[in-house]
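Novice: I'm passing along upload.csv; it holds CSV, C-alpha atoms and all ligand atoms.
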```csv
chain,number,residue,atom,x,y,z
R,1,MET,CA,30.6,-83.0,26.6
R,2,SER,CA,31.7,-81.1,23.5
R,3,ARG,CA,28.1,-81.2,22.2
R,4,PHE,CA,27.0,-79.6,25.5
R,5,ILE,CA,29.5,-76.8,25.1
R,6,GLN,CA,28.4,-76.3,21.5
R,7,ARG,CA,24.8,-75.9,22.8
R,8,LEU,CA,26.0,-73.4,25.4
R,9,GLN,CA,27.8,-71.4,22.8
R,10,ALA,CA,24.8,-71.4,20.6
R,11,LEU,CA,22.6,-70.2,23.5
R,12,ALA,CA,25.1,-67.5,24.3
R,13,VAL,CA,25.0,-66.2,20.7
R,14,VAL,CA,21.2,-66.2,20.7
R,15,PHE,CA,21.1,-64.3,23.9
R,16,SER,CA,23.7,-61.7,22.9
R,17,VAL,CA,21.7,-61.0,19.7
R,18,ILE,CA,18.5,-60.7,21.6
R,19,CYS,CA,20.1,-58.4,24.1
R,20,THR,CA,21.7,-56.2,21.4
R,21,ILE,CA,18.7,-55.5,19.2
R,22,PRO,CA,16.8,-53.4,21.8
R,23,THR,CA,19.9,-51.4,22.6
R,24,VAL,CA,20.6,-50.5,18.9
R,25,TRP,CA,16.9,-49.7,18.4
R,26,ALA,CA,16.9,-47.5,21.6
R,27,ASN,CA,20.0,-45.6,20.6
R,28,HIS,CA,18.7,-45.0,17.1
R,29,HIS,CA,15.6,-43.4,18.4
R,30,GLU,CA,17.4,-41.4,21.0
R,31,HIS,CA,19.7,-40.1,18.3
R,32,GLU,CA,16.6,-39.0,16.2
R,33,ALA,CA,15.0,-37.4,19.1
R,34,GLN,CA,18.1,-35.4,20.0
R,35,ALA,CA,18.8,-34.2,16.4
R,36,SER,CA,17.1,-30.8,16.7
R,37,GLN,CA,20.2,-28.9,15.7
R,38,THR,CA,23.0,-29.5,13.3
R,39,SER,CA,26.5,-29.8,14.7
R,40,GLY,CA,29.1,-27.4,13.6
R,41,MET,CA,28.7,-24.9,10.8
R,42,ILE,CA,27.7,-25.8,7.3
R,43,LYS,CA,29.5,-24.1,4.4
R,44,GLY,CA,27.4,-22.5,1.7
R,45,GLU,CA,26.9,-19.7,-0.8
R,46,VAL,CA,23.9,-17.4,-0.8
R,47,ARG,CA,21.9,-17.7,-4.1
R,48,ARG,CA,18.8,-15.7,-3.3
R,49,ILE,CA,17.4,-13.7,-0.5
R,50,ASP,CA,13.6,-13.3,0.1
R,51,ALA,CA,13.6,-10.7,2.9
R,52,GLU,CA,9.9,-10.2,2.7
R,53,ASN,CA,9.1,-13.9,3.4
R,54,ARG,CA,12.3,-14.4,5.5
R,55,LYS,CA,13.7,-17.1,3.3
R,56,ILE,CA,17.1,-17.7,1.9
R,57,THR,CA,18.3,-19.9,-0.9
R,58,ILE,CA,21.6,-21.5,-0.2
R,59,LYS,CA,23.9,-23.7,-2.3
R,60,HIS,CA,25.2,-25.8,0.6
R,61,GLU,CA,27.8,-28.6,1.1
R,62,ALA,CA,26.7,-32.0,2.3
R,63,ILE,CA,25.0,-32.0,5.7
R,64,PRO,CA,25.7,-35.4,7.3
R,65,ASP,CA,23.5,-34.7,10.3
R,66,LEU,CA,20.5,-34.5,7.9
R,67,ASP,CA,21.7,-37.2,5.5
R,68,MET,CA,21.6,-34.5,2.9
R,69,ALA,CA,23.9,-34.3,-0.1
R,70,ALA,CA,25.3,-31.0,-1.4
R,71,MET,CA,22.5,-29.0,-3.2
R,72,THR,CA,20.8,-25.7,-3.6
R,73,MET,CA,17.7,-25.2,-1.5
R,74,THR,CA,15.6,-22.6,0.3
R,75,PHE,CA,15.4,-22.4,4.1
R,76,ARG,CA,13.3,-20.3,6.4
R,77,LEU,CA,15.2,-18.0,8.7
R,78,ALA,CA,14.8,-18.0,12.5
R,79,ASP,CA,13.3,-14.8,13.9
R,80,THR,CA,16.7,-14.0,15.5
R,81,ILE,CA,18.6,-14.0,12.2
R,82,SER,CA,19.5,-10.7,10.5
R,83,ILE,CA,20.2,-10.9,6.8
R,84,ASP,CA,20.5,-7.1,6.1
R,85,LYS,CA,24.1,-7.4,5.1
R,86,LEU,CA,23.9,-10.6,3.1
R,87,LYS,CA,23.7,-10.6,-0.7
R,88,PRO,CA,23.7,-13.3,-3.4
R,89,GLY,CA,27.2,-14.7,-4.0
R,90,ASP,CA,28.2,-14.3,-0.3
R,91,LYS,CA,30.2,-17.3,1.1
R,92,ILE,CA,28.6,-18.2,4.4
R,93,ARG,CA,28.6,-20.7,7.2
R,94,PHE,CA,25.3,-21.5,8.8
R,95,SER,CA,23.6,-23.9,11.2
R,96,LEU,CA,20.1,-25.3,11.2
R,97,GLY,CA,17.7,-26.0,14.0
R,98,LYS,CA,14.3,-27.7,14.1
R,99,VAL,CA,11.5,-25.2,14.7
R,100,GLU,CA,8.0,-26.6,14.7
R,101,GLY,CA,9.2,-29.7,12.9
R,102,LYS,CA,11.0,-27.9,10.1
R,103,TRP,CA,14.7,-27.1,9.6
R,104,VAL,CA,15.4,-23.4,9.7
R,105,VAL,CA,18.5,-21.3,9.7
R,106,VAL,CA,19.3,-20.5,13.3
R,107,ALA,CA,22.8,-19.0,12.8
R,108,ILE,CA,24.6,-17.5,9.9
R,109,GLU,CA,28.0,-15.8,9.4
R,110,THR,CA,29.9,-14.7,6.4
R,111,ASP,CA,32.9,-16.9,5.6
R,112,SER,CA,36.1,-14.8,5.2
R,113,THR,CA,38.2,-17.8,4.1
R,114,PRO,CA,38.4,-18.2,0.4
M,201,CU,CU,19.6,-29.4,1.1
```
Please express what this file holds, its structure, as structure tokens.
Specialist:
Amino acid sequence: MSRFIQRLQALAVVFSVICTIPTVWANHHEHEAQASQTSGMIKGEVRRIDAENRKITIKHEAIPDLDMAAMTMTFRLADTISIDKLKPGDKIRFSLGKVEGKWVVVAIETDSTP
């Protein structure tokens, strides 16, 4: 009888694993599909502005949404973003959105907190 119960338990484990795998897989893909915009504002500092080509180089903190460590990199600016008042050295907060498969700056504001 106990052997029968052991087999039942083993079956239950096998079934729970089989049932869990597709769920995890589905959630993972759903997450990737939905990640078209970063959550919250990312802190950074303006390093360089290329107004002609609408690009900005930012020294940014880690971006968990993108699995990205802190680094300095160049982003393209969304058409809606105005950078007239920005200059190198400015502390900023920004967010990124996916436009045509690439991450671009979709929001930017100067950070008044030191
Ligand atoms: Cu980066």
Novice: Enumerate as a ChimeraX atom specification the residues within 10 Å of ligand CU 201 (chain M), counting all atoms listed in the file.
Specialist: /R:57-63,66-75
Novice: I'd like the interatomic distance between CA of Gly101 in chain R and CA of Leu86 in chain R, to a tenth of an Å.
Specialist: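 Atom-to-atom, CA of Gly101 in chain R and CA of Leu86 in chain R are spaced 26.0 Å apart.
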Novice: Write out as CSV the residues of range 75-97 of chain R that have any atom within 9 Å of an atom of range 45-54 of chain R, one row each with the nearest atom pair and its distance in Å to one decimal, counting all atoms listed in the file, sorted by chain and then rising number.
Specialist:
```
residue,atom,partner,partner_atom,distance
R:Phe75,CA,R:Arg54,CA,8.7
R:Arg76,CA,R:Arg54,CA,6.1
R:Leu77,CA,R:Arg54,CA,5.6
R:Ala78,CA,R:Arg54,CA,8.3
R:Asp79,CA,R:Arg54,CA,8.5
R:Ile83,CA,R:Ala51,CA,7.7
R:Asp84,CA,R:Ala51,CA,8.4
R:Leu86,CA,R:Val46,CA,7.8
R:Lys87,CA,R:Val46,CA,6.8
R:Pro88,CA,R:Arg47,CA,4.8
R:Gly89,CA,R:Val46,CA,5.3
R:Asp90,CA,R:Val46,CA,5.3
R:Lys91,CA,R:Glu45,CA,4.5
R:Ile92,CA,R:Glu45,CA,5.7
R:Arg93,CA,R:Glu45,CA,8.2
```
Novice: Between CA of Lys102 in chain R and CA of Lys85 in chain R, what is the distance in Å, rounded to a tenth?
Specialist: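 So the answer is 24.8 Å.
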Novice: Find the residues around Gln37 in chain R up to 10 Å (only C-alpha atoms counted), leave out those fewer than 6 positions away in its own chain, and share them as a list of chain:residue names.
Specialist: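 My list of contacting residues is R:Asp65, R:Leu66, R:Ser95, R:Leu96, R:Gly97, R:Lys98, R:Val99, R:Trp103, R:Val104, R:Val105, R:Val106.
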Novice: Could you jot down the CA of Phe94 in chain R to CA of Gly44 in chain R separation for me, Å, one decimal place?
Specialist: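 Atom-to-atom, CA of Phe94 in chain R and CA of Gly44 in chain R are spaced 7.5 Å apart.
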Novice: Nearest to Asp111 in chain R: which of R:Ile81, R:Ile56, R:Ala10, R:Met41 is it, counting only C-alpha atoms?
Specialist: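 The answer is R:Met41, which sits nearest to Asp111 in chain R.
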